[in-house]
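Raw contents of work_31.cif, mmCIF, C-alpha atoms and all ligand atoms:
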```
data_coords
loop_
_atom_site.label_atom_id
_atom_site.label_comp_id
_atom_site.auth_asym_id
_atom_site.auth_seq_id
_atom_site.Cartn_x
_atom_site.Cartn_y
_atom_site.Cartn_z
CA MET A 1 101.38 133.42 -95.83
CA ARG A 2 100.87 135.79 -92.98
CA LEU A 3 101.74 139.41 -92.78
CA SER A 4 103.12 141.28 -89.79
CA PHE A 5 101.13 139.73 -87.01
CA ARG A 6 100.76 142.11 -84.12
CA GLY A 7 99.68 139.40 -81.71
CA ILE A 8 96.57 138.97 -79.72
CA CYS A 9 95.24 142.00 -77.93
CA ALA A 10 93.55 140.81 -74.78
CA THR A 11 91.71 144.07 -74.38
CA LEU A 12 89.50 143.32 -77.35
CA ALA A 13 86.45 141.97 -75.58
CA LEU A 14 84.37 141.86 -78.71
CA THR A 15 81.86 139.46 -80.09
CA VAL A 16 82.61 137.58 -83.28
CA GLY A 17 79.29 137.30 -85.00
CA LEU A 18 78.76 135.70 -88.35
CA ALA A 19 76.91 137.78 -90.90
CA ALA A 20 77.36 140.88 -88.79
CA GLY A 21 78.45 143.03 -91.66
CA SER A 22 76.62 145.70 -93.50
CA VAL A 23 77.34 147.56 -96.68
CA LEU A 24 77.81 151.28 -96.51
CA PRO A 25 77.11 153.53 -99.44
CA ALA A 26 80.42 154.02 -101.19
CA ALA A 27 79.75 157.27 -102.96
CA SER A 28 79.50 159.65 -100.00
CA SER A 29 82.87 158.99 -98.42
CA ALA A 30 84.59 158.52 -101.75
CA ALA A 31 83.98 162.12 -102.58
CA ALA A 32 85.56 163.28 -99.33
CA SER A 33 88.88 161.52 -99.78
CA THR A 34 90.75 159.50 -102.33
CA ASP A 35 93.16 158.04 -99.77
CA PRO A 36 91.75 154.53 -99.24
CA VAL A 37 92.84 154.35 -95.58
CA SER A 38 91.01 157.60 -94.82
CA ARG A 39 88.12 156.54 -97.00
CA CYS A 40 87.62 153.34 -94.99
CA PRO A 41 85.55 154.22 -91.89
CA SER A 42 87.16 153.48 -88.55
CA GLY A 43 86.19 150.12 -87.07
CA ARG A 44 85.41 148.57 -90.48
CA LEU A 45 86.93 146.12 -92.90
CA CYS A 46 86.82 147.71 -96.35
CA LEU A 47 86.93 145.99 -99.72
CA PHE A 48 87.63 147.74 -103.02
CA ASP A 49 86.97 146.46 -106.51
CA GLY A 50 90.00 148.28 -107.86
CA LEU A 51 93.69 147.81 -107.09
CA ASP A 52 95.35 149.90 -104.36
CA GLY A 53 92.05 150.94 -102.78
CA THR A 54 90.56 152.39 -105.94
CA GLY A 55 87.12 151.87 -107.44
CA SER A 56 83.97 151.16 -105.44
CA MET A 57 84.22 150.39 -101.76
CA THR A 58 82.11 148.36 -99.36
CA SER A 59 82.72 147.87 -95.63
CA TYR A 60 81.81 145.48 -92.84
CA SER A 61 81.85 145.44 -89.04
CA GLY A 62 82.01 141.67 -88.60
CA SER A 63 82.44 138.30 -90.27
CA MET A 64 80.53 137.57 -93.48
CA THR A 65 79.39 134.13 -94.62
CA SER A 66 78.53 135.49 -98.05
CA LEU A 67 79.57 138.66 -99.82
CA GLY A 68 76.53 138.75 -102.11
CA SER A 69 77.21 141.03 -105.06
CA TRP A 70 80.75 141.50 -103.76
CA ALA A 71 81.58 137.81 -104.07
CA ASN A 72 84.60 137.30 -106.36
CA ARG A 73 84.88 141.05 -106.87
CA ALA A 74 87.30 142.61 -104.38
CA ARG A 75 90.88 143.32 -105.47
CA SER A 76 92.21 145.24 -102.47
CA PHE A 77 91.35 145.93 -98.84
CA VAL A 78 91.95 148.08 -95.80
CA ASP A 79 91.53 146.48 -92.37
CA LYS A 80 90.39 148.93 -89.67
CA ALA A 81 88.16 146.40 -87.93
CA PRO A 82 88.73 145.95 -84.18
CA TYR A 83 89.83 142.34 -84.45
CA VAL A 84 93.23 140.71 -84.54
CA ASN A 85 92.85 138.95 -87.87
CA PHE A 86 91.10 139.39 -91.20
CA CYS A 87 90.80 135.93 -92.77
CA PRO A 88 89.36 135.82 -96.30
CA SER A 89 88.20 132.62 -97.98
CA THR A 90 87.62 131.62 -101.58
CA GLU A 91 84.58 129.61 -100.45
CA PRO A 92 81.25 130.69 -98.97
CA GLY A 93 81.50 130.75 -95.20
CA PRO A 94 81.91 129.88 -92.53
CA ALA A 95 85.07 128.41 -94.01
CA ALA A 96 88.40 127.84 -92.36
CA THR A 97 91.35 129.51 -94.02
CA ASN A 98 95.05 129.58 -93.40
CA GLU A 99 95.27 133.22 -94.40
CA GLY A 100 95.31 135.77 -91.65
CA TYR A 101 96.10 139.43 -92.03
CA SER A 102 96.79 141.35 -88.84
CA GLY A 103 98.97 144.15 -90.06
CA ASP A 104 98.50 147.86 -89.72
CA PRO A 105 95.54 149.43 -91.51
CA THR A 106 97.13 150.08 -94.85
CA VAL A 107 95.84 149.38 -98.33
CA LEU A 108 96.86 146.00 -99.69
CA ASP A 109 96.12 144.28 -102.98
CA PHE A 110 95.02 140.68 -102.77
CA ARG A 111 97.30 139.81 -105.68
CA LYS A 112 100.31 141.05 -103.69
CA TRP A 113 99.29 139.07 -100.63
CA ASP A 114 98.11 135.87 -102.25
CA ALA A 115 97.21 136.03 -105.93
CA VAL A 116 94.56 133.32 -105.59
CA LEU A 117 92.44 135.74 -103.55
CA ASP A 118 92.32 138.39 -106.27
CA ARG A 119 88.68 138.67 -107.41
CA ASN A 120 88.13 135.38 -105.62
CA VAL A 121 87.00 136.18 -102.04
CA GLU A 122 83.53 134.86 -101.21
CA SER A 123 83.48 135.13 -97.41
CA PHE A 124 85.69 136.12 -94.50
CA VAL A 125 85.94 135.94 -90.77
CA LEU A 126 87.24 138.60 -88.41
CA THR A 127 88.81 136.89 -85.42
CA ASN A 128 90.71 137.50 -82.24
CA SER A 129 93.11 134.61 -82.71
CA GLU A 130 95.13 133.02 -85.48
CA ARG A 131 93.53 129.73 -84.54
CA GLU A 132 90.09 130.86 -85.65
CA CYS A 133 91.38 131.52 -89.14
CA GLU A 134 92.72 128.02 -89.43
CA THR A 135 90.08 126.00 -87.59
CA GLY A 136 87.04 128.26 -87.59
CA VAL A 137 86.68 127.93 -83.83
CA GLU A 138 87.96 130.00 -80.96
CA TYR A 139 89.02 127.19 -78.65
CA PRO A 140 92.10 124.98 -79.01
CA SER A 141 91.77 121.40 -80.14
CA TRP A 142 92.63 119.33 -77.12
CA LEU A 143 92.81 115.57 -76.95
CA GLY A 144 92.81 114.40 -73.37
CA ASP A 145 92.51 110.89 -72.00
CA ASP A 146 92.31 107.80 -74.14
CA ALA A 147 88.59 107.44 -74.83
CA ALA A 148 88.91 103.68 -75.20
CA VAL A 149 89.71 103.30 -71.53
CA THR A 150 86.63 103.26 -69.30
CA ARG A 151 87.21 104.96 -66.02
CA PRO A 152 85.22 105.56 -62.86
CA ARG A 153 84.02 109.08 -62.24
CA LYS A 154 86.72 111.24 -60.82
CA LEU A 155 86.64 113.34 -57.70
CA PHE A 156 87.93 116.35 -59.56
CA GLY A 157 89.08 117.38 -63.00
CA ASP A 158 85.91 115.82 -64.42
CA LEU A 159 83.07 118.27 -64.93
CA ASN A 160 80.85 116.01 -67.03
CA ARG A 161 81.20 112.85 -64.96
CA ASP A 162 82.51 110.61 -67.72
CA GLY A 163 85.68 109.67 -65.85
CA ARG A 164 87.85 111.62 -68.29
CA THR A 165 89.87 114.72 -67.53
CA ASP A 166 88.40 117.89 -68.98
CA LEU A 167 89.41 121.52 -69.22
CA LEU A 168 87.83 124.93 -69.03
CA TYR A 169 89.26 127.29 -71.64
CA ARG A 170 89.05 131.08 -71.53
CA SER A 171 89.73 132.84 -74.83
CA PRO A 172 91.53 136.19 -74.99
CA ALA A 173 88.10 137.71 -75.69
CA GLY A 174 86.80 136.33 -72.37
CA ARG A 175 84.59 133.49 -73.57
CA LEU A 176 84.64 130.33 -71.47
CA TYR A 177 84.46 126.91 -73.15
CA PHE A 178 84.16 123.38 -71.86
CA LEU A 179 86.76 121.12 -73.51
CA ARG A 180 85.76 117.51 -72.95
CA GLY A 181 89.04 116.09 -74.22
CA ASP A 182 87.87 114.83 -77.64
CA GLU A 183 89.12 117.94 -79.48
CA SER A 184 85.66 119.53 -79.32
CA GLY A 185 84.53 122.51 -77.29
CA THR A 186 81.21 123.85 -75.99
CA LEU A 187 80.62 127.50 -75.19
CA ILE A 188 79.70 128.19 -71.58
CA GLY A 189 79.41 131.94 -71.87
CA GLY A 190 81.14 135.29 -72.32
CA GLY A 191 82.37 137.98 -69.97
CA TRP A 192 84.84 135.82 -68.08
CA ASN A 193 87.64 138.37 -68.50
CA SER A 194 86.07 140.13 -65.53
CA MET A 195 87.34 137.25 -63.39
CA THR A 196 90.79 137.69 -61.87
CA ALA A 197 91.04 134.15 -60.52
CA ILE A 198 89.32 130.91 -61.45
CA THR A 199 89.80 127.56 -59.74
CA ARG A 200 87.98 124.28 -59.52
CA HIS A 201 88.36 121.03 -57.66
CA GLY A 202 85.70 118.88 -56.21
CA ASP A 203 82.05 119.18 -55.37
CA LEU A 204 81.70 122.13 -53.02
CA ASN A 205 77.91 121.98 -52.60
CA SER A 206 77.51 118.19 -52.43
CA ASP A 207 75.18 117.83 -55.42
CA GLY A 208 77.44 115.45 -57.28
CA GLY A 209 78.89 117.87 -59.83
CA GLU A 210 82.31 119.47 -59.75
CA ASP A 211 82.05 123.21 -59.14
CA LEU A 212 83.93 126.36 -60.06
CA LEU A 213 85.09 129.26 -57.91
CA ALA A 214 85.82 132.61 -59.53
CA ARG A 215 86.83 136.00 -58.15
CA ASP A 216 85.72 139.16 -59.93
CA THR A 217 87.57 142.48 -60.13
CA SER A 218 85.72 143.85 -57.11
CA GLY A 219 86.95 140.98 -54.94
CA VAL A 220 83.71 138.99 -54.76
CA LEU A 221 84.21 135.23 -54.76
CA TRP A 222 81.50 133.34 -56.66
CA LEU A 223 80.53 129.69 -56.72
CA TYR A 224 79.37 128.35 -60.08
CA PRO A 225 77.67 125.02 -59.38
CA GLY A 226 78.55 122.39 -61.96
CA LYS A 227 75.58 120.66 -63.58
CA GLY A 228 77.59 117.54 -64.26
CA ASN A 229 77.61 118.12 -68.03
CA GLY A 230 80.26 120.81 -68.43
CA GLN A 231 77.79 123.65 -67.89
CA PHE A 232 77.08 125.65 -64.73
CA GLY A 233 73.98 126.74 -62.84
CA ALA A 234 73.23 130.15 -61.35
CA ARG A 235 76.13 131.43 -59.32
CA THR A 236 76.01 132.19 -55.60
CA LYS A 237 78.15 134.63 -53.67
CA VAL A 238 80.68 132.97 -51.39
CA GLY A 239 82.15 136.14 -49.92
CA THR A 240 83.71 139.54 -50.44
CA GLY A 241 87.14 141.04 -49.85
CA TRP A 242 89.03 138.39 -51.79
CA ASN A 243 91.22 140.95 -53.55
CA SER A 244 93.51 140.71 -50.52
CA MET A 245 94.45 137.29 -51.87
CA ARG A 246 97.29 136.96 -54.33
CA ARG A 247 96.27 133.43 -55.30
CA ILE A 248 93.49 130.97 -54.62
CA ALA A 249 93.47 127.24 -55.25
CA SER A 250 90.82 124.62 -54.76
CA ALA A 251 92.63 121.60 -53.45
CA GLY A 252 90.04 118.98 -52.58
CA ASP A 253 89.50 118.01 -48.98
CA LEU A 254 92.54 118.84 -46.88
CA THR A 255 90.95 118.69 -43.43
CA GLY A 256 89.77 115.09 -43.44
CA ASP A 257 86.00 115.73 -43.25
CA GLY A 258 85.39 114.72 -46.87
CA ARG A 259 84.39 118.25 -47.93
CA PRO A 260 86.58 120.12 -50.44
CA ASP A 261 88.47 123.12 -49.07
CA LEU A 262 90.09 126.23 -50.50
CA LEU A 263 93.65 127.49 -50.13
CA ALA A 264 94.44 131.19 -50.49
CA ALA A 265 97.73 133.08 -50.22
CA ASP A 266 97.34 136.73 -49.26
CA THR A 267 99.48 139.64 -50.40
CA ALA A 268 101.50 139.45 -47.17
CA GLY A 269 102.53 135.90 -48.01
CA THR A 270 100.34 134.05 -45.53
CA LEU A 271 98.72 130.85 -46.75
CA TRP A 272 95.20 130.28 -45.42
CA LEU A 273 92.93 127.28 -45.49
CA TYR A 274 89.20 127.91 -45.86
CA PRO A 275 87.26 124.77 -44.93
CA GLY A 276 84.33 123.94 -47.18
CA ASP A 277 81.05 123.26 -45.39
CA GLY A 278 79.70 120.97 -48.10
CA LYS A 279 76.93 123.48 -48.86
CA GLY A 280 78.89 125.79 -51.13
CA ARG A 281 80.15 128.00 -48.34
CA LEU A 282 83.44 128.38 -46.52
CA GLY A 283 84.02 128.25 -42.77
CA ASN A 284 86.49 130.13 -40.57
CA ARG A 285 89.93 130.08 -42.04
CA SER A 286 93.04 128.71 -40.40
CA ARG A 287 96.64 129.78 -40.99
CA VAL A 288 98.79 127.25 -42.82
CA GLY A 289 102.03 129.22 -42.84
CA GLY A 290 103.99 132.26 -43.99
CA GLY A 291 106.48 133.05 -46.72
CA TRP A 292 104.22 132.09 -49.60
CA ASN A 293 105.00 135.28 -51.53
CA SER A 294 107.89 133.27 -52.94
CA MET A 295 105.33 131.11 -54.76
CA THR A 296 103.98 132.04 -58.20
CA ALA A 297 101.54 129.14 -58.56
CA LEU A 298 99.47 127.00 -56.21
CA VAL A 299 98.19 123.75 -57.67
CA GLY A 300 95.66 121.45 -56.07
CA ALA A 301 97.16 118.15 -57.13
CA GLY A 302 94.80 115.75 -55.40
CA ALA A 303 96.29 112.68 -53.77
CA PHE A 304 99.66 112.93 -55.45
CA ASP A 305 101.71 110.43 -53.53
CA GLY A 306 101.07 106.98 -52.13
CA ASP A 307 98.65 107.94 -49.35
CA SER A 308 95.05 108.90 -50.04
CA LEU A 309 95.44 112.42 -48.65
CA ASN A 310 95.20 115.43 -50.95
CA ASP A 311 98.38 117.38 -51.59
CA LEU A 312 99.63 120.70 -52.95
CA VAL A 313 102.16 121.57 -55.66
CA ALA A 314 103.66 125.06 -55.80
CA ARG A 315 106.06 126.91 -58.08
CA ASP A 316 108.53 129.41 -56.67
CA THR A 317 109.87 132.64 -58.16
CA THR A 318 113.04 130.92 -59.40
CA GLY A 319 111.04 128.43 -61.44
CA ARG A 320 111.33 125.41 -59.15
CA LEU A 321 108.40 123.11 -58.44
CA TRP A 322 107.67 121.84 -54.94
CA PHE A 323 105.49 119.07 -53.62
CA TYR A 324 103.72 119.65 -50.28
CA PRO A 325 102.29 116.41 -48.86
CA GLY A 326 98.95 116.99 -47.15
CA ASN A 327 98.67 115.66 -43.60
CA GLY A 328 94.88 115.24 -43.65
CA HIS A 329 94.43 117.83 -40.91
CA GLY A 330 94.71 121.00 -42.97
CA GLY A 331 98.49 121.17 -42.91
CA PHE A 332 101.45 119.86 -44.85
CA ALA A 333 104.50 117.73 -44.16
CA PRO A 334 107.95 119.04 -45.22
CA ARG A 335 108.08 119.85 -48.92
CA VAL A 336 109.97 117.94 -51.60
CA LEU A 337 111.63 119.46 -54.69
CA ILE A 338 110.11 117.86 -57.81
CA GLY A 339 111.12 120.37 -60.51
CA THR A 340 114.64 121.80 -60.38
CA GLY A 341 114.02 124.80 -62.65
CA GLY A 342 112.49 126.26 -65.76
CA TRP A 343 108.89 126.11 -64.59
CA GLN A 344 108.51 129.90 -64.81
CA GLU A 345 108.01 129.55 -68.58
CA PHE A 346 104.56 128.14 -67.93
CA THR A 347 101.62 130.50 -67.54
CA THR A 348 99.62 127.85 -65.71
CA VAL A 349 100.25 124.58 -63.92
CA LEU A 350 97.15 122.44 -63.45
CA GLY A 351 96.20 119.37 -61.48
CA LEU A 352 93.23 117.57 -63.02
CA GLY A 353 93.46 114.30 -61.18
CA ASP A 354 94.39 111.13 -63.02
CA ALA A 355 94.53 111.84 -66.76
CA SER A 356 96.44 108.75 -67.85
CA GLY A 357 94.13 106.16 -66.31
CA ASP A 358 96.77 104.41 -64.23
CA GLY A 359 95.21 105.52 -60.95
CA VAL A 360 97.97 108.05 -60.28
CA ASN A 361 97.34 111.80 -60.45
CA ASP A 362 99.13 113.90 -63.06
CA LEU A 363 99.91 117.54 -63.91
CA TYR A 364 99.47 119.76 -66.96
CA ALA A 365 101.66 122.79 -67.69
CA ILE A 366 100.63 125.43 -70.20
CA SER A 367 103.11 127.61 -72.07
CA SER A 368 102.56 130.12 -74.87
CA ASP A 369 102.46 127.42 -77.56
CA ALA A 370 101.74 124.07 -75.92
CA ILE A 371 100.04 122.19 -73.13
CA SER A 372 102.49 119.69 -71.67
CA PHE A 373 101.51 116.55 -69.85
CA TYR A 374 103.51 115.57 -66.79
CA LYS A 375 102.73 112.08 -65.66
CA GLY A 376 102.67 111.47 -61.94
CA ARG A 377 104.82 108.65 -60.59
CA GLY A 378 102.65 108.19 -57.53
CA ASP A 379 105.31 109.34 -55.10
CA GLY A 380 104.77 113.08 -55.59
CA ARG A 381 107.24 113.22 -58.48
CA ILE A 382 106.52 113.68 -62.17
CA TYR A 383 108.00 113.17 -65.62
CA LEU A 384 107.24 114.82 -68.96
CA GLN A 385 105.30 112.52 -71.22
CA GLY A 386 104.23 114.72 -74.11
CA ALA A 387 103.01 118.07 -75.34
CA ASN A 388 100.01 119.17 -77.35
CA VAL A 389 100.98 122.20 -79.43
CA GLY A 390 98.70 124.75 -81.04
CA TRP A 391 98.22 126.98 -78.03
CA GLU A 392 98.44 130.72 -78.39
CA LYS A 393 99.50 133.58 -76.21
CA GLY A 394 96.54 134.63 -74.10
CA ASP A 395 94.94 131.17 -73.94
CA MET A 396 93.97 130.27 -70.40
CA VAL A 397 92.80 126.92 -69.05
CA PHE A 398 91.50 125.91 -65.65
CA CA A 401 85.14 114.58 -68.09
CA CA A 402 78.58 120.68 -56.98
CA CA A 403 87.47 119.70 -45.80
CA CA A 404 99.04 112.77 -50.38
#
```

Is it possible to give me this structure as structure tokens?
Amino acid sequence: MRLSFRGICATLALTVGLAAGSVLPAASSAAASTDPVSRCPSGRLCLFDGLDGTGSMTSYSGSMTSLGSWANRARSFVDKAPYVNFCPSTEPGPAATNEGYSGDPTVLDFRKWDAVLDRNVESFVLTNSERECETGVEYPSWLGDDAAVTRPRKLFGDLNRDGRTDLLYRSPAGRLYFLRGDESGTLIGGGWNSMTAITRHGDLNSDGGEDLLARDTSGVLWLYPGKGNGQFGARTKVGTGWNSMRRIASAGDLTGDGRPDLLAADTAGTLWLYPGDGKGRLGNRSRVGGGWNSMTALVGAGAFDGDSLNDLVARDTTGRLWFYPGNGHGGFAPRVLIGTGGWQEFTTVLGLGDASGDGVNDLYAISSDAISFYKGRGDGRIYLQGANVGWEKGDMVF
């Protein structure tokens, strides 16, 4: 049972640390007030050994794997901790639980919430997502390609060079994870909420690993060189002034020189092509066309039709999806409508190369509760093949 979820607050860029709690002396504040909500210090999760916030009180600033002398003691609580969920467990931690309280800071008896928790809480986690309560981890469980099928290394969409599509996941708290497609995840690092655009496709510095481009709030574009194992080396600055761009999209090589390029649509609606130099830098841009303010997503789709030339997929403001066939010289042939509507419900549309193993590139579309797989037909068109639910509002993948 859950109580009055208030949703995920993306502004909470806080660290979830196990065993981060500490016990405050109960006597001093108890004398000042008998109202349990006032008695509980701001920013803390408070437990009481009496009903309705009475009796002795202890408080914590973070998750606790063991409550020590407070194990199996608490009967009520007040949640003023700066996390989305308070998730108590009847086992020592870290333990997954399907209980998550994210209501207002008011006093609540465990027996009124779930009687089994009364005098029975041994650990808890404070989390920024419902998922962490249930699975104990911040990242979504994602099953990608069929592991039984051996595939050659891919040109893009494959950060760890195993031939399988993988994802980068950014949590609402700004931590970036590598999802290899076997339901596991590996932390890359924190602080990624400072990035206002992230895109990847291809090996920009010619070292054999797929790389990442990210723009920070000050408009600096950074290259994060892929190590070929889902992690990244020290970043290098690609350029400044990128806040004039509404969207950026790595799209593989579009110019025919074998080096991956970057597409960027500026706030005036002009689409630009920035040719990669194969050394992690970008050359002088060329103008692709105007009117791109009508597009709300640019997707590097790879070679998406029958030729071997990389292509572009774009979503317009009315929710239609368009296919732009690359001409191999930095431009595109006339577009083709491949999605007649409804695509605005997706927060992200992603091209990760061939995910199904049939040699034809595919698309993923992410909504507030699912990642949907759209199988490519090989002619630039797609069809929905399935969805992986369990995604939450605020989840971002790249
Ligand atoms: Ca992979
Ligand atoms: Ca590289
Ligand atoms: Ca190129
Ligand atoms: Ca093509």

Neighbour list for stretch 331-338 of chain A as a PDB file with C-alpha atoms, in the coordinates of the input, cut-off 12 Å, all atoms listed in the file, skip fewer than 4 positions in-chain:
```pdb
ATOM      1  CA  ASP A 253      89.500 118.010 -48.980  1.00  0.00           C
ATOM      2  CA  LEU A 254      92.540 118.840 -46.880  1.00  0.00           C
ATOM      3  CA  THR A 255      90.950 118.690 -43.430  1.00  0.00           C
ATOM      4  CA  GLY A 256      89.770 115.090 -43.440  1.00  0.00           C
ATOM      5  CA  ASP A 261      88.470 123.120 -49.070  1.00  0.00           C
ATOM      6  CA  LEU A 263      93.650 127.490 -50.130  1.00  0.00           C
ATOM      7  CA  LEU A 271      98.720 130.850 -46.750  1.00  0.00           C
ATOM      8  CA  TRP A 272      95.200 130.280 -45.420  1.00  0.00           C
ATOM      9  CA  LEU A 273      92.930 127.280 -45.490  1.00  0.00           C
ATOM     10  CA  TYR A 274      89.200 127.910 -45.860  1.00  0.00           C
ATOM     11  CA  PRO A 275      87.260 124.770 -44.930  1.00  0.00           C
ATOM     12  CA  SER A 286      93.040 128.710 -40.400  1.00  0.00           C
ATOM     13  CA  ARG A 287      96.640 129.780 -40.990  1.00  0.00           C
ATOM     14  CA  VAL A 288      98.790 127.250 -42.820  1.00  0.00           C
ATOM     15  CA  GLY A 289     102.030 129.220 -42.840  1.00  0.00           C
ATOM     16  CA  PHE A 304      99.660 112.930 -55.450  1.00  0.00           C
ATOM     17  CA  ASP A 305     101.710 110.430 -53.530  1.00  0.00           C
ATOM     18  CA  LEU A 309      95.440 112.420 -48.650  1.00  0.00           C
ATOM     19  CA  ASN A 310      95.200 115.430 -50.950  1.00  0.00           C
ATOM     20  CA  ASP A 311      98.380 117.380 -51.590  1.00  0.00           C
ATOM     21  CA  LEU A 312      99.630 120.700 -52.950  1.00  0.00           C
ATOM     22  CA  VAL A 313     102.160 121.570 -55.660  1.00  0.00           C
ATOM     23  CA  ALA A 314     103.660 125.060 -55.800  1.00  0.00           C
ATOM     24  CA  ARG A 315     106.060 126.910 -58.080  1.00  0.00           C
ATOM     25  CA  ASP A 316     108.530 129.410 -56.670  1.00  0.00           C
ATOM     26  CA  GLY A 319     111.040 128.430 -61.440  1.00  0.00           C
ATOM     27  CA  ARG A 320     111.330 125.410 -59.150  1.00  0.00           C
ATOM     28  CA  LEU A 321     108.400 123.110 -58.440  1.00  0.00           C
ATOM     29  CA  TRP A 322     107.670 121.840 -54.940  1.00  0.00           C
ATOM     30  CA  PHE A 323     105.490 119.070 -53.620  1.00  0.00           C
ATOM     31  CA  TYR A 324     103.720 119.650 -50.280  1.00  0.00           C
ATOM     32  CA  PRO A 325     102.290 116.410 -48.860  1.00  0.00           C
ATOM     33  CA  GLY A 326      98.950 116.990 -47.150  1.00  0.00           C
ATOM     34  CA  ASN A 327      98.670 115.660 -43.600  1.00  0.00           C
ATOM     35  CA  GLY A 342     112.490 126.260 -65.760  1.00  0.00           C
ATOM     36  CA  TRP A 343     108.890 126.110 -64.590  1.00  0.00           C
ATOM     37  CA  LEU A 363      99.910 117.540 -63.910  1.00  0.00           C
ATOM     38  CA  TYR A 374     103.510 115.570 -66.790  1.00  0.00           C
ATOM     39  CA  GLY A 376     102.670 111.470 -61.940  1.00  0.00           C
ATOM     40  CA  ARG A 377     104.820 108.650 -60.590  1.00  0.00           C
ATOM     41  CA  ASP A 379     105.310 109.340 -55.100  1.00  0.00           C
ATOM     42  CA  GLY A 380     104.770 113.080 -55.590  1.00  0.00           C
ATOM     43  CA  ARG A 381     107.240 113.220 -58.480  1.00  0.00           C
ATOM     44  CA  ILE A 382     106.520 113.680 -62.170  1.00  0.00           C
ATOM     45  CA  TYR A 383     108.000 113.170 -65.620  1.00  0.00           C
ATOM     46  CA  LEU A 384     107.240 114.820 -68.960  1.00  0.00           C
TER      47      LEU A 384
END
```

Close residues to ligand CA 401 (chain A) using only C-alpha atoms and all ligand atoms, limit 9 Å, as number ranges by chain: A: 153-154, 157-167, 179-181, 228-230

Pick from A:Asp35, A:Glu99, A:Glu91, A:Asp211, whichever lies nearest to ligand CA 402 (chain A) using all atoms listed in the file: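 Checking each of A:Asp35, A:Glu99, A:Glu91, A:Asp211 against ligand CA 402 (chain A), counting all atoms listed in the file, the winner is A:Asp211.
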
Atom-to-atom span, atom CA of A:Gly185 and atom CA of A:Gly219, Å: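 Calculated distance between atom CA of A:Gly185 and atom CA of A:Gly219 is 29.1 Å.
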
Pick from A:Met295, A:Val116, A:Ala301, A:Ile188, whichever lies nearest to A:Thr317 using only C-alpha atoms: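 Selected residue with least distance to A:Thr317: A:Met295.
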
Å distance separating atom CA of A:Val37 from atom CA of A:Gly53, one decimal place: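 Straight-line distance from atom CA of A:Val37 to atom CA of A:Gly53 works out to 8.0 Å.
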
Selection within 9 Å of ligand CA 402 (chain A) by only C-alpha atoms and all ligand atoms, output as a ChimeraX atom specification: /A:202-212,224-228,278-280

Exercise: A:His201 partners within 6 Å, only C-alpha atoms, chain neighbours under 5 positions left out, as a list in words: Phe156, Ser250 and Gly252 of chain A

Within 12 Å of A:Glu130 using all atoms listed in the file, minus same-chain residues under 2 positions, as number ranges by chain: A: 2-3, 5-9, 83-87, 96-102, 125-128, 132-140, 171-172, 390-395

Around all the atoms of stretch 158-168 of chain A listed in the file, with 5 Å of room on each side, what axis-aligned box do you get, giving centre and edge lengths in Å to one decimal, as JSON?
```
{"center_x": 85.4, "center_y": 117.3, "center_z": -66.8, "size_x": 19.0, "size_y": 25.3, "size_z": 14.8}
```

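Taking atom CA of A:Leu51 as the reference point, atom CA of A:Arg75 is found at 5.5 Å.
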
Nearest residue to ligand CA 404 (chain A) from the set A:Ala251, A:Leu350, A:Leu262, A:Ala365 (distances using only C-alpha atoms and all ligand atoms):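 Going through A:Ala251, A:Leu350, A:Leu262, A:Ala365 one by one, the smallest distance to ligand CA 404 (chain A) is for A:Ala251.
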
Which of A:Ser66, A:Gln344, A:Thr58, A:Ser308 sits closest to A:Pro88 [using all atoms listed in the file]: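 Distance minimum relative to A:Pro88 lands on A:Ser66.
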